[in-house]
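A.B. asks: Enclosed is the structure file entry.pdb (PDB, C-alpha atoms, pLDDT in the B column).
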MODEL        1
ATOM      1  CA  GLY A   1      -9.385  -7.179  14.356  1.00 35.00           C
ATOM      2  CA  GLU A   2      -6.437  -5.114  15.484  1.00 38.00           C
ATOM      3  CA  SER A   3      -6.021  -1.694  13.998  1.00 43.00           C
ATOM      4  CA  VAL A   4      -4.190   1.555  14.286  1.00 55.00           C
ATOM      5  CA  GLY A   5      -5.980   4.597  15.593  1.00 51.00           C
ATOM      6  CA  LEU A   6      -5.282   8.261  16.169  1.00 50.00           C
ATOM      7  CA  HIS A   7      -6.108  10.191  19.297  1.00 62.00           C
ATOM      8  CA  LEU A   8      -7.550  13.375  17.802  1.00 79.00           C
ATOM      9  CA  PRO A   9      -9.527  13.790  14.596  1.00 89.00           C
ATOM     10  CA  THR A  10      -8.527  17.442  14.185  1.00 92.00           C
ATOM     11  CA  LEU A  11      -5.652  19.707  15.180  1.00 94.00           C
ATOM     12  CA  SER A  12      -5.501  23.450  14.575  1.00 95.00           C
ATOM     13  CA  VAL A  13      -2.240  25.368  14.896  1.00 95.00           C
ATOM     14  CA  GLN A  14      -0.815  28.729  13.987  1.00 96.00           C
ATOM     15  CA  GLU A  15       1.824  29.067  11.306  1.00 97.00           C
ATOM     16  CA  GLY A  16       5.254  28.708  12.853  1.00 96.00           C
ATOM     17  CA  ASP A  17       4.096  26.570  15.773  1.00 96.00           C
ATOM     18  CA  ASN A  18       5.267  23.021  16.268  1.00 96.00           C
ATOM     19  CA  SER A  19       2.618  20.337  15.707  1.00 96.00           C
ATOM     20  CA  ILE A  20       2.368  16.969  17.372  1.00 95.00           C
ATOM     21  CA  ILE A  21       0.093  14.304  15.940  1.00 95.00           C
ATOM     22  CA  ASN A  22      -0.415  11.144  17.953  1.00 93.00           C
ATOM     23  CA  CYS A  23      -1.263   7.578  17.106  1.00 92.00           C
ATOM     24  CA  ALA A  24      -1.917   4.510  19.242  1.00 90.00           C
ATOM     25  CA  TYR A  25      -1.472   1.045  17.803  1.00 86.00           C
ATOM     26  CA  SER A  26      -2.735  -2.199  19.247  1.00 79.00           C
ATOM     27  CA  ASN A  27      -0.719  -4.912  17.508  1.00 86.00           C
ATOM     28  CA  SER A  28       2.401  -5.521  19.581  1.00 88.00           C
ATOM     29  CA  ALA A  29       3.799  -7.650  16.750  1.00 89.00           C
ATOM     30  CA  SER A  30       3.970  -4.659  14.384  1.00 91.00           C
ATOM     31  CA  ASP A  31       7.537  -3.819  13.537  1.00 90.00           C
ATOM     32  CA  TYR A  32       7.274  -1.104  10.918  1.00 91.00           C
ATOM     33  CA  PHE A  33       5.419   2.188  11.014  1.00 94.00           C
ATOM     34  CA  ILE A  34       4.856   4.940   8.481  1.00 94.00           C
ATOM     35  CA  TRP A  35       3.365   8.404   8.587  1.00 96.00           C
ATOM     36  CA  TYR A  36       1.504   9.574   5.491  1.00 96.00           C
ATOM     37  CA  LYS A  37       0.148  12.979   4.513  1.00 97.00           C
ATOM     38  CA  GLN A  38      -2.922  13.162   2.318  1.00 96.00           C
ATOM     39  CA  GLU A  39      -4.172  16.302   0.622  1.00 95.00           C
ATOM     40  CA  SER A  40      -7.674  16.572  -0.701  1.00 92.00           C
ATOM     41  CA  GLY A  41      -8.227  14.508  -3.853  1.00 88.00           C
ATOM     42  CA  LYS A  42      -4.750  12.980  -3.784  1.00 91.00           C
ATOM     43  CA  GLY A  43      -3.224   9.708  -2.709  1.00 94.00           C
ATOM     44  CA  PRO A  44      -1.324   9.391   0.587  1.00 95.00           C
ATOM     45  CA  GLN A  45       2.200  10.778   0.445  1.00 95.00           C
ATOM     46  CA  PHE A  46       5.005   9.102   2.381  1.00 93.00           C
ATOM     47  CA  ILE A  47       6.508  11.351   5.059  1.00 95.00           C
ATOM     48  CA  ILE A  48       8.708   9.256   7.307  1.00 96.00           C
ATOM     49  CA  ASP A  49       9.005   5.712   8.594  1.00 94.00           C
ATOM     50  CA  ILE A  50      10.448   3.976  11.624  1.00 95.00           C
ATOM     51  CA  ARG A  51      11.236   0.377  12.517  1.00 93.00           C
ATOM     52  CA  SER A  52      10.586  -1.153  15.892  1.00 93.00           C
ATOM     53  CA  ASN A  53      14.287  -1.341  16.748  1.00 94.00           C
ATOM     54  CA  MET A  54      14.370   2.469  16.898  1.00 96.00           C
ATOM     55  CA  ASP A  55      12.575   4.952  19.123  1.00 96.00           C
ATOM     56  CA  LYS A  56      13.233   8.148  17.185  1.00 98.00           C
ATOM     57  CA  ARG A  57      13.881   9.135  13.611  1.00 97.00           C
ATOM     58  CA  GLN A  58      14.294  12.591  12.146  1.00 97.00           C
ATOM     59  CA  GLY A  59      13.644  13.947   8.705  1.00 94.00           C
ATOM     60  CA  GLN A  60      13.401  17.418   7.287  1.00 92.00           C
ATOM     61  CA  ARG A  61      11.204  19.343   9.785  1.00 96.00           C
ATOM     62  CA  VAL A  62       9.624  16.076  10.919  1.00 98.00           C
ATOM     63  CA  THR A  63      10.416  13.682  13.744  1.00 98.00           C
ATOM     64  CA  VAL A  64       8.745  10.382  14.491  1.00 98.00           C
ATOM     65  CA  LEU A  65       8.820   8.945  17.999  1.00 97.00           C
ATOM     66  CA  LEU A  66       7.965   5.360  18.828  1.00 97.00           C
ATOM     67  CA  ASN A  67       7.169   4.157  22.321  1.00 95.00           C
ATOM     68  CA  LYS A  68       6.762   0.395  22.162  1.00 92.00           C
ATOM     69  CA  THR A  69       6.023   0.105  25.872  1.00 92.00           C
ATOM     70  CA  VAL A  70       2.709   1.932  25.503  1.00 91.00           C
ATOM     71  CA  LYS A  71       2.318   1.261  21.763  1.00 91.00           C
ATOM     72  CA  HIS A  72       2.333   4.906  20.842  1.00 92.00           C
ATOM     73  CA  LEU A  73       3.611   6.717  17.784  1.00 94.00           C
ATOM     74  CA  SER A  74       3.846  10.448  17.237  1.00 95.00           C
ATOM     75  CA  LEU A  75       4.732  12.801  14.410  1.00 97.00           C
ATOM     76  CA  GLN A  76       6.248  16.139  15.241  1.00 97.00           C
ATOM     77  CA  ILE A  77       6.286  18.860  12.604  1.00 97.00           C
ATOM     78  CA  ALA A  78       8.545  21.811  13.324  1.00 97.00           C
ATOM     79  CA  ALA A  79       7.639  25.349  12.256  1.00 97.00           C
ATOM     80  CA  THR A  80       4.331  24.275  10.745  1.00 97.00           C
ATOM     81  CA  GLN A  81       3.462  25.943   7.453  1.00 96.00           C
ATOM     82  CA  PRO A  82       0.127  26.407   5.658  1.00 96.00           C
ATOM     83  CA  GLY A  83       1.293  23.809   3.126  1.00 96.00           C
ATOM     84  CA  ASP A  84       1.335  21.247   5.933  1.00 97.00           C
ATOM     85  CA  SER A  85      -2.456  21.415   6.141  1.00 97.00           C
ATOM     86  CA  ALA A  86      -3.694  17.936   5.274  1.00 97.00           C
ATOM     87  CA  VAL A  87      -4.916  14.695   6.810  1.00 97.00           C
ATOM     88  CA  TYR A  88      -2.172  12.671   8.489  1.00 96.00           C
ATOM     89  CA  PHE A  89      -2.352   8.908   8.860  1.00 95.00           C
ATOM     90  CA  CYS A  90      -0.161   6.504  10.702  1.00 94.00           C
ATOM     91  CA  ALA A  91       0.101   2.977   9.346  1.00 93.00           C
ATOM     92  CA  GLU A  92       1.646  -0.172  10.701  1.00 91.00           C
ATOM     93  CA  ASN A  93       2.495  -3.682   9.682  1.00 86.00           C
ATOM     94  CA  GLN A  94       4.599  -6.740  10.261  1.00 77.00           C
ATOM     95  CA  ALA A  95       6.982  -8.224   7.726  1.00 70.00           C
ATOM     96  CA  GLY A  96       5.105  -9.706   4.794  1.00 70.00           C
ATOM     97  CA  THR A  97       1.739  -8.146   5.589  1.00 77.00           C
ATOM     98  CA  ALA A  98      -0.015  -5.113   4.203  1.00 81.00           C
ATOM     99  CA  LEU A  99      -0.090  -1.712   5.853  1.00 87.00           C
ATOM    100  CA  ILE A 100      -3.043  -1.068   8.127  1.00 88.00           C
ATOM    101  CA  PHE A 101      -4.157   2.549   8.475  1.00 90.00           C
ATOM    102  CA  GLY A 102      -5.872   4.468  11.215  1.00 80.00           C
ATOM    103  CA  LYS A 103      -8.610   7.046  10.757  1.00 76.00           C
ATOM    104  CA  GLY A 104      -6.436  10.131  10.394  1.00 91.00           C
ATOM    105  CA  THR A 105      -5.937  13.548  11.955  1.00 94.00           C
ATOM    106  CA  THR A 106      -6.816  16.678  10.009  1.00 95.00           C
ATOM    107  CA  LEU A 107      -4.174  19.358  10.545  1.00 96.00           C
ATOM    108  CA  SER A 108      -5.264  22.931   9.883  1.00 96.00           C
ATOM    109  CA  VAL A 109      -2.617  25.643   9.823  1.00 96.00           C
ATOM    110  CA  SER A 110      -3.710  29.249   9.984  1.00 94.00           C
ATOM    111  CA  SER A 111      -1.568  32.232   9.011  1.00 89.00           C
TER     112      SER A 111
ATOM    113  CA  ASP B   1       4.318  12.324  -8.615  1.00 71.00           C
ATOM    114  CA  THR B   2       5.332   9.101  -6.858  1.00 72.00           C
ATOM    115  CA  GLY B   3       5.701   7.100 -10.050  1.00 92.00           C
ATOM    116  CA  VAL B   4       2.630   4.952  -9.367  1.00 96.00           C
ATOM    117  CA  SER B   5       0.087   5.595 -12.086  1.00 97.00           C
ATOM    118  CA  GLN B   6      -3.619   4.849 -11.867  1.00 98.00           C
ATOM    119  CA  ASN B   7      -6.217   5.028 -14.612  1.00 97.00           C
ATOM    120  CA  PRO B   8      -8.777   6.333 -14.939  1.00 97.00           C
ATOM    121  CA  ARG B   9      -8.669   9.121 -12.359  1.00 96.00           C
ATOM    122  CA  HIS B  10     -12.435   9.319 -12.225  1.00 97.00           C
ATOM    123  CA  LYS B  11     -15.161   6.873 -13.184  1.00 98.00           C
ATOM    124  CA  ILE B  12     -18.917   7.354 -13.051  1.00 98.00           C
ATOM    125  CA  THR B  13     -20.958   4.256 -13.694  1.00 98.00           C
ATOM    126  CA  LYS B  14     -24.518   3.102 -13.365  1.00 98.00           C
ATOM    127  CA  ARG B  15     -25.399   0.576 -10.718  1.00 98.00           C
ATOM    128  CA  GLY B  16     -25.061  -2.950 -12.021  1.00 98.00           C
ATOM    129  CA  GLN B  17     -22.316  -2.167 -14.523  1.00 98.00           C
ATOM    130  CA  ASN B  18     -18.815  -3.624 -14.366  1.00 98.00           C
ATOM    131  CA  VAL B  19     -15.772  -1.402 -14.014  1.00 98.00           C
ATOM    132  CA  THR B  20     -12.049  -2.057 -14.297  1.00 98.00           C
ATOM    133  CA  PHE B  21      -9.222   0.055 -12.942  1.00 98.00           C
ATOM    134  CA  ARG B  22      -5.565  -0.161 -13.823  1.00 98.00           C
ATOM    135  CA  CYS B  23      -2.460   0.442 -11.746  1.00 98.00           C
ATOM    136  CA  ASP B  24       1.099   0.740 -13.037  1.00 97.00           C
ATOM    137  CA  PRO B  25       3.531   0.502 -10.116  1.00 96.00           C
ATOM    138  CA  ILE B  26       7.049   1.848  -9.889  1.00 95.00           C
ATOM    139  CA  SER B  27       8.967  -0.384 -12.268  1.00 91.00           C
ATOM    140  CA  GLU B  28      11.328  -2.138  -9.861  1.00 88.00           C
ATOM    141  CA  HIS B  29       8.684  -2.665  -7.161  1.00 92.00           C
ATOM    142  CA  ASN B  30       7.606  -6.264  -6.766  1.00 91.00           C
ATOM    143  CA  ARG B  31       4.806  -5.635  -4.280  1.00 92.00           C
ATOM    144  CA  LEU B  32       1.522  -4.038  -5.274  1.00 94.00           C
ATOM    145  CA  TYR B  33      -1.403  -3.172  -3.007  1.00 94.00           C
ATOM    146  CA  TRP B  34      -5.003  -2.149  -3.519  1.00 96.00           C
ATOM    147  CA  TYR B  35      -6.846  -0.061  -0.953  1.00 96.00           C
ATOM    148  CA  ARG B  36     -10.274   1.540  -0.801  1.00 96.00           C
ATOM    149  CA  GLN B  37     -10.926   4.855   0.898  1.00 96.00           C
ATOM    150  CA  THR B  38     -14.246   6.486   1.710  1.00 94.00           C
ATOM    151  CA  LEU B  39     -14.693  10.079   2.807  1.00 89.00           C
ATOM    152  CA  GLY B  40     -13.245  10.802   6.220  1.00 86.00           C
ATOM    153  CA  GLN B  41     -11.734   7.361   6.636  1.00 90.00           C
ATOM    154  CA  GLY B  42      -8.271   5.919   6.305  1.00 92.00           C
ATOM    155  CA  PRO B  43      -7.432   3.619   3.418  1.00 94.00           C
ATOM    156  CA  GLU B  44      -8.792   0.096   3.909  1.00 94.00           C
ATOM    157  CA  PHE B  45      -6.676  -2.786   2.678  1.00 93.00           C
ATOM    158  CA  LEU B  46      -8.208  -4.910  -0.091  1.00 95.00           C
ATOM    159  CA  THR B  47      -5.473  -7.140  -1.482  1.00 95.00           C
ATOM    160  CA  TYR B  48      -1.815  -7.360  -2.314  1.00 90.00           C
ATOM    161  CA  PHE B  49       0.511  -9.067  -4.744  1.00 93.00           C
ATOM    162  CA  GLN B  50       4.107 -10.070  -4.621  1.00 91.00           C
ATOM    163  CA  ASN B  51       5.130 -10.312  -8.241  1.00 92.00           C
ATOM    164  CA  GLU B  52       2.183 -12.076  -9.915  1.00 93.00           C
ATOM    165  CA  ALA B  53       1.071 -13.963  -6.809  1.00 93.00           C
ATOM    166  CA  GLN B  54      -1.899 -12.627  -4.859  1.00 92.00           C
ATOM    167  CA  LEU B  55      -0.744 -13.200  -1.290  1.00 89.00           C
ATOM    168  CA  GLU B  56      -3.463 -11.689   0.835  1.00 88.00           C
ATOM    169  CA  LYS B  57      -7.085 -10.684   0.426  1.00 90.00           C
ATOM    170  CA  SER B  58      -9.205  -8.761   2.883  1.00 90.00           C
ATOM    171  CA  ARG B  59     -12.682  -9.965   3.735  1.00 86.00           C
ATOM    172  CA  LEU B  60     -13.756  -6.579   2.342  1.00 80.00           C
ATOM    173  CA  LEU B  61     -13.003  -8.061  -1.070  1.00 85.00           C
ATOM    174  CA  SER B  62     -16.352  -9.634  -1.898  1.00 89.00           C
ATOM    175  CA  ASP B  63     -16.783 -12.079  -4.747  1.00 93.00           C
ATOM    176  CA  ARG B  64     -17.754  -9.142  -6.987  1.00 96.00           C
ATOM    177  CA  PHE B  65     -14.193  -7.878  -6.751  1.00 96.00           C
ATOM    178  CA  SER B  66     -11.272  -9.463  -8.540  1.00 96.00           C
ATOM    179  CA  ALA B  67      -7.696  -8.325  -8.921  1.00 97.00           C
ATOM    180  CA  GLU B  68      -4.995  -9.587 -11.220  1.00 96.00           C
ATOM    181  CA  ARG B  69      -1.349  -8.944 -11.854  1.00 96.00           C
ATOM    182  CA  PRO B  70      -0.675 -11.313 -14.719  1.00 91.00           C
ATOM    183  CA  LYS B  71       2.952 -10.534 -15.476  1.00 88.00           C
ATOM    184  CA  GLY B  72       4.001  -9.117 -12.163  1.00 87.00           C
ATOM    185  CA  SER B  73       3.946  -5.576 -13.502  1.00 92.00           C
ATOM    186  CA  PHE B  74       0.655  -3.666 -13.865  1.00 97.00           C
ATOM    187  CA  SER B  75      -2.470  -4.750 -12.023  1.00 98.00           C
ATOM    188  CA  THR B  76      -6.190  -4.476 -12.663  1.00 98.00           C
ATOM    189  CA  LEU B  77      -9.039  -4.334 -10.182  1.00 98.00           C
ATOM    190  CA  GLU B  78     -12.458  -5.256 -11.520  1.00 98.00           C
ATOM    191  CA  ILE B  79     -15.750  -4.698  -9.762  1.00 98.00           C
ATOM    192  CA  GLN B  80     -18.712  -6.582 -11.185  1.00 98.00           C
ATOM    193  CA  ARG B  81     -22.353  -5.559 -10.752  1.00 98.00           C
ATOM    194  CA  THR B  82     -21.405  -2.321  -9.033  1.00 98.00           C
ATOM    195  CA  GLU B  83     -23.468  -1.095  -6.097  1.00 97.00           C
ATOM    196  CA  GLN B  84     -23.793   2.409  -4.687  1.00 96.00           C
ATOM    197  CA  GLY B  85     -21.783   1.296  -1.664  1.00 96.00           C
ATOM    198  CA  ASP B  86     -18.813   0.709  -3.961  1.00 97.00           C
ATOM    199  CA  SER B  87     -18.480   4.468  -4.451  1.00 97.00           C
ATOM    200  CA  ALA B  88     -15.049   5.314  -3.051  1.00 97.00           C
ATOM    201  CA  MET B  89     -11.495   6.197  -3.947  1.00 97.00           C
ATOM    202  CA  TYR B  90      -9.534   3.127  -5.011  1.00 98.00           C
ATOM    203  CA  LEU B  91      -5.849   3.482  -4.272  1.00 97.00           C
ATOM    204  CA  CYS B  92      -2.931   1.481  -5.528  1.00 97.00           C
ATOM    205  CA  ALA B  93       0.495   1.401  -3.878  1.00 95.00           C
ATOM    206  CA  SER B  94       3.760  -0.354  -4.592  1.00 93.00           C
ATOM    207  CA  SER B  95       6.887  -1.199  -2.660  1.00 90.00           C
ATOM    208  CA  ILE B  96      10.052  -3.229  -2.822  1.00 86.00           C
ATOM    209  CA  GLY B  97       9.345  -6.349  -0.826  1.00 73.00           C
ATOM    210  CA  THR B  98      12.104  -8.396   0.711  1.00 68.00           C
ATOM    211  CA  GLY B  99      12.084 -10.019   4.107  1.00 61.00           C
ATOM    212  CA  ARG B 100      11.436  -6.638   5.680  1.00 65.00           C
ATOM    213  CA  ASN B 101       8.796  -4.144   4.683  1.00 71.00           C
ATOM    214  CA  THR B 102       9.735  -0.899   3.027  1.00 76.00           C
ATOM    215  CA  GLU B 103       7.788   2.254   2.326  1.00 85.00           C
ATOM    216  CA  ALA B 104       4.798   1.929   0.034  1.00 89.00           C
ATOM    217  CA  PHE B 105       4.204   4.689  -2.500  1.00 93.00           C
ATOM    218  CA  PHE B 106       0.659   5.487  -3.505  1.00 95.00           C
ATOM    219  CA  GLY B 107      -0.856   6.584  -6.757  1.00 96.00           C
ATOM    220  CA  GLN B 108      -3.403   9.386  -7.027  1.00 96.00           C
ATOM    221  CA  GLY B 109      -6.287   6.962  -6.954  1.00 97.00           C
ATOM    222  CA  THR B 110      -9.362   6.279  -9.049  1.00 97.00           C
ATOM    223  CA  ARG B 111     -12.522   7.902  -7.747  1.00 97.00           C
ATOM    224  CA  LEU B 112     -15.523   5.715  -8.468  1.00 98.00           C
ATOM    225  CA  THR B 113     -19.048   7.072  -8.323  1.00 98.00           C
ATOM    226  CA  VAL B 114     -21.896   4.607  -8.743  1.00 98.00           C
ATOM    227  CA  VAL B 115     -25.204   6.271  -9.623  1.00 97.00           C
TER     228      VAL B 115
ENDMDL
END
Mind turning this structure into structure tokens?

C.D. replies:
Amino acid sequence: GESVGLHLPTLSVQEGDNSIINCAYSNSASDYFIWYKQESGKGPQFIIDIRSNMDKRQGQRVTVLLNKTVKHLSLQIAATQPGDSAVYFCAENQAGTALIFGKGTTLSVSS
Amino acid sequence: DTGVSQNPRHKITKRGQNVTFRCDPISEHNRLYWYRQTLGQGPEFLTYFQNEAQLEKSRLLSDRFSAERPKGSFSTLEIQRTEQGDSAMYLCASSIGTGRNTEAFFGQGTRLTVV
């Protein structure tokens, strides 16, 4: 079946750097995308979402970019902090269906 | 705290026993989802409800698994005759469902260990 995947399983950055986490999706019919952050032993935490009629959306310190031509999604975290260390998942769906998750990228932030 | 509550947080059971988990979604959310997550993997979709109707079930949901949402509020997930392969984190999420999807908020999960 079609699924969402991430390019890199791990990403290590220094505190204060900008982080970019990438995701490729395969279902061209998907019209809604979410980035989640998951800390050890906890449920996924919503970070930011984007609909397919947009190509960029900004939140607090985070930006999501959507490139529908190549079916690529990215999450940019500005001025990464140790508290940003977690596993990040992208998820996608179409209206009326459940979210489908990729495998995740582990972000490690060192001081 | 997202407002989605799951109980229990942890469950250890012997192989062959039945277990039941409960999820209380955010009160105004009409959609409720169950996912399973194993170590190092993303959450895998199991089933979802809109109000009390179960609209979609994954083929991961074997006949030993059953989910209910009798009054369109809380939901239960039961696993009968548990197997060691059922050991995982079981996550519940809820959202407001209209024609378009909206963000789903997850609970903290129930960690099941089958020994």

A.B. asks: Given all atoms listed in the file as the basis, pick out the residue of B:Leu91, B:Val4, B:Leu39, B:Val115 nearest to chain A.

C.D. replies: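 With all atoms listed in the file as the atom set, the closest residue is B:Leu91.
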
A.B. asks: Find the residues in chain B near chain A: any atom within 8 Å counts, using all atoms listed in the file. Write them as a list in words.

C.D. replies: Tyr33, Gly40, Gln41, Gly42, Pro43, Glu44, Phe45, Tyr48, Glu56, Leu91, Gly97, Gly99, Arg100, Asn101, Glu103, Ala104, Phe105, Phe106, Gly107, Gln108 and Gly109 of chain B

A.B. asks: For a quick check of your reading of the model, name the residues lying within 12 Å of the coordinate (-22.9, -1.4, -16.9), counting all atoms listed in the file, and write them as a list of chain:residue names.

C.D. replies: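 Output: B:Lys11, B:Ile12, B:Thr13, B:Lys14, B:Arg15, B:Gly16, B:Gln17, B:Asn18, B:Val19, B:Thr20, B:Ile79, B:Gln80, B:Arg81, B:Thr82, B:Glu83, B:Val114, B:Val115.
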
A.B. asks: Enclose the full set of atoms of range 55-67 of chain B listed in the file within a box whose edges lie along x, y and z, apply 5 Å of padding to each of the six sides, and report centre and edge lengths in Å to one decimal as AutoDock Vina command-line options.

C.D. replies:
--center_x -9.2 --center_y -9.9 --center_z -2.6 --size_x 27.0 --size_y 16.6 --size_z 22.7

A.B. asks: Using the chain letters and numbers from the file, give me the residues hit by the PyMOL selection byres ((chain B and resi 8) around 9), as a ChimeraX atom specification.

C.D. replies: /B:6-7,9-11,21-22,109-111

A.B. asks: For the file shown, what are the residues hit by the PyMOL selection byres ((chain A and resi 76) around 6), laid out as a ChimeraX atom specification?

C.D. replies: /A:19-20,62-63,75,77

A.B. asks: Just to confirm, what's the straight-line distance from CA of Cys23 in chain B to CA of Leu61 in chain B in Å (one decimal)?

C.D. replies: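 Spanning CA of Cys23 in chain B to CA of Leu61 in chain B is a straight-line distance of 17.2 Å.
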
A.B. asks: CA of Ser26 in chain A and CA of Glu92 in chain A, how far apart in Å?

C.D. replies: 9.8 Å

A.B. asks: CA of Tyr35 in chain B to CA of Thr80 in chain A: how many Å, to one decimal?

C.D. replies: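 Value for the CA of Tyr35 in chain B-CA of Thr80 in chain A distance: 29.2 Å.
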
A.B. asks: Go through A:Ser85, A:Arg57, A:Thr10, A:Ser110 one by one, measure the shortest atom-to-atom distance of each to Ser40 in chain A using all atoms listed in the file, and give the residue with the smallest value.

C.D. replies: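 Of the candidates, the smallest distance to Ser40 in chain A is held by A:Ser85.
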
A.B. asks: Show which residues sit within 8 Å of Asp84 in chain A, as a PyMOL selection string. Count all atoms listed in the file, and ignore same-chain residues fewer than 6 positions away.

C.D. replies: chain A and resi 107-109
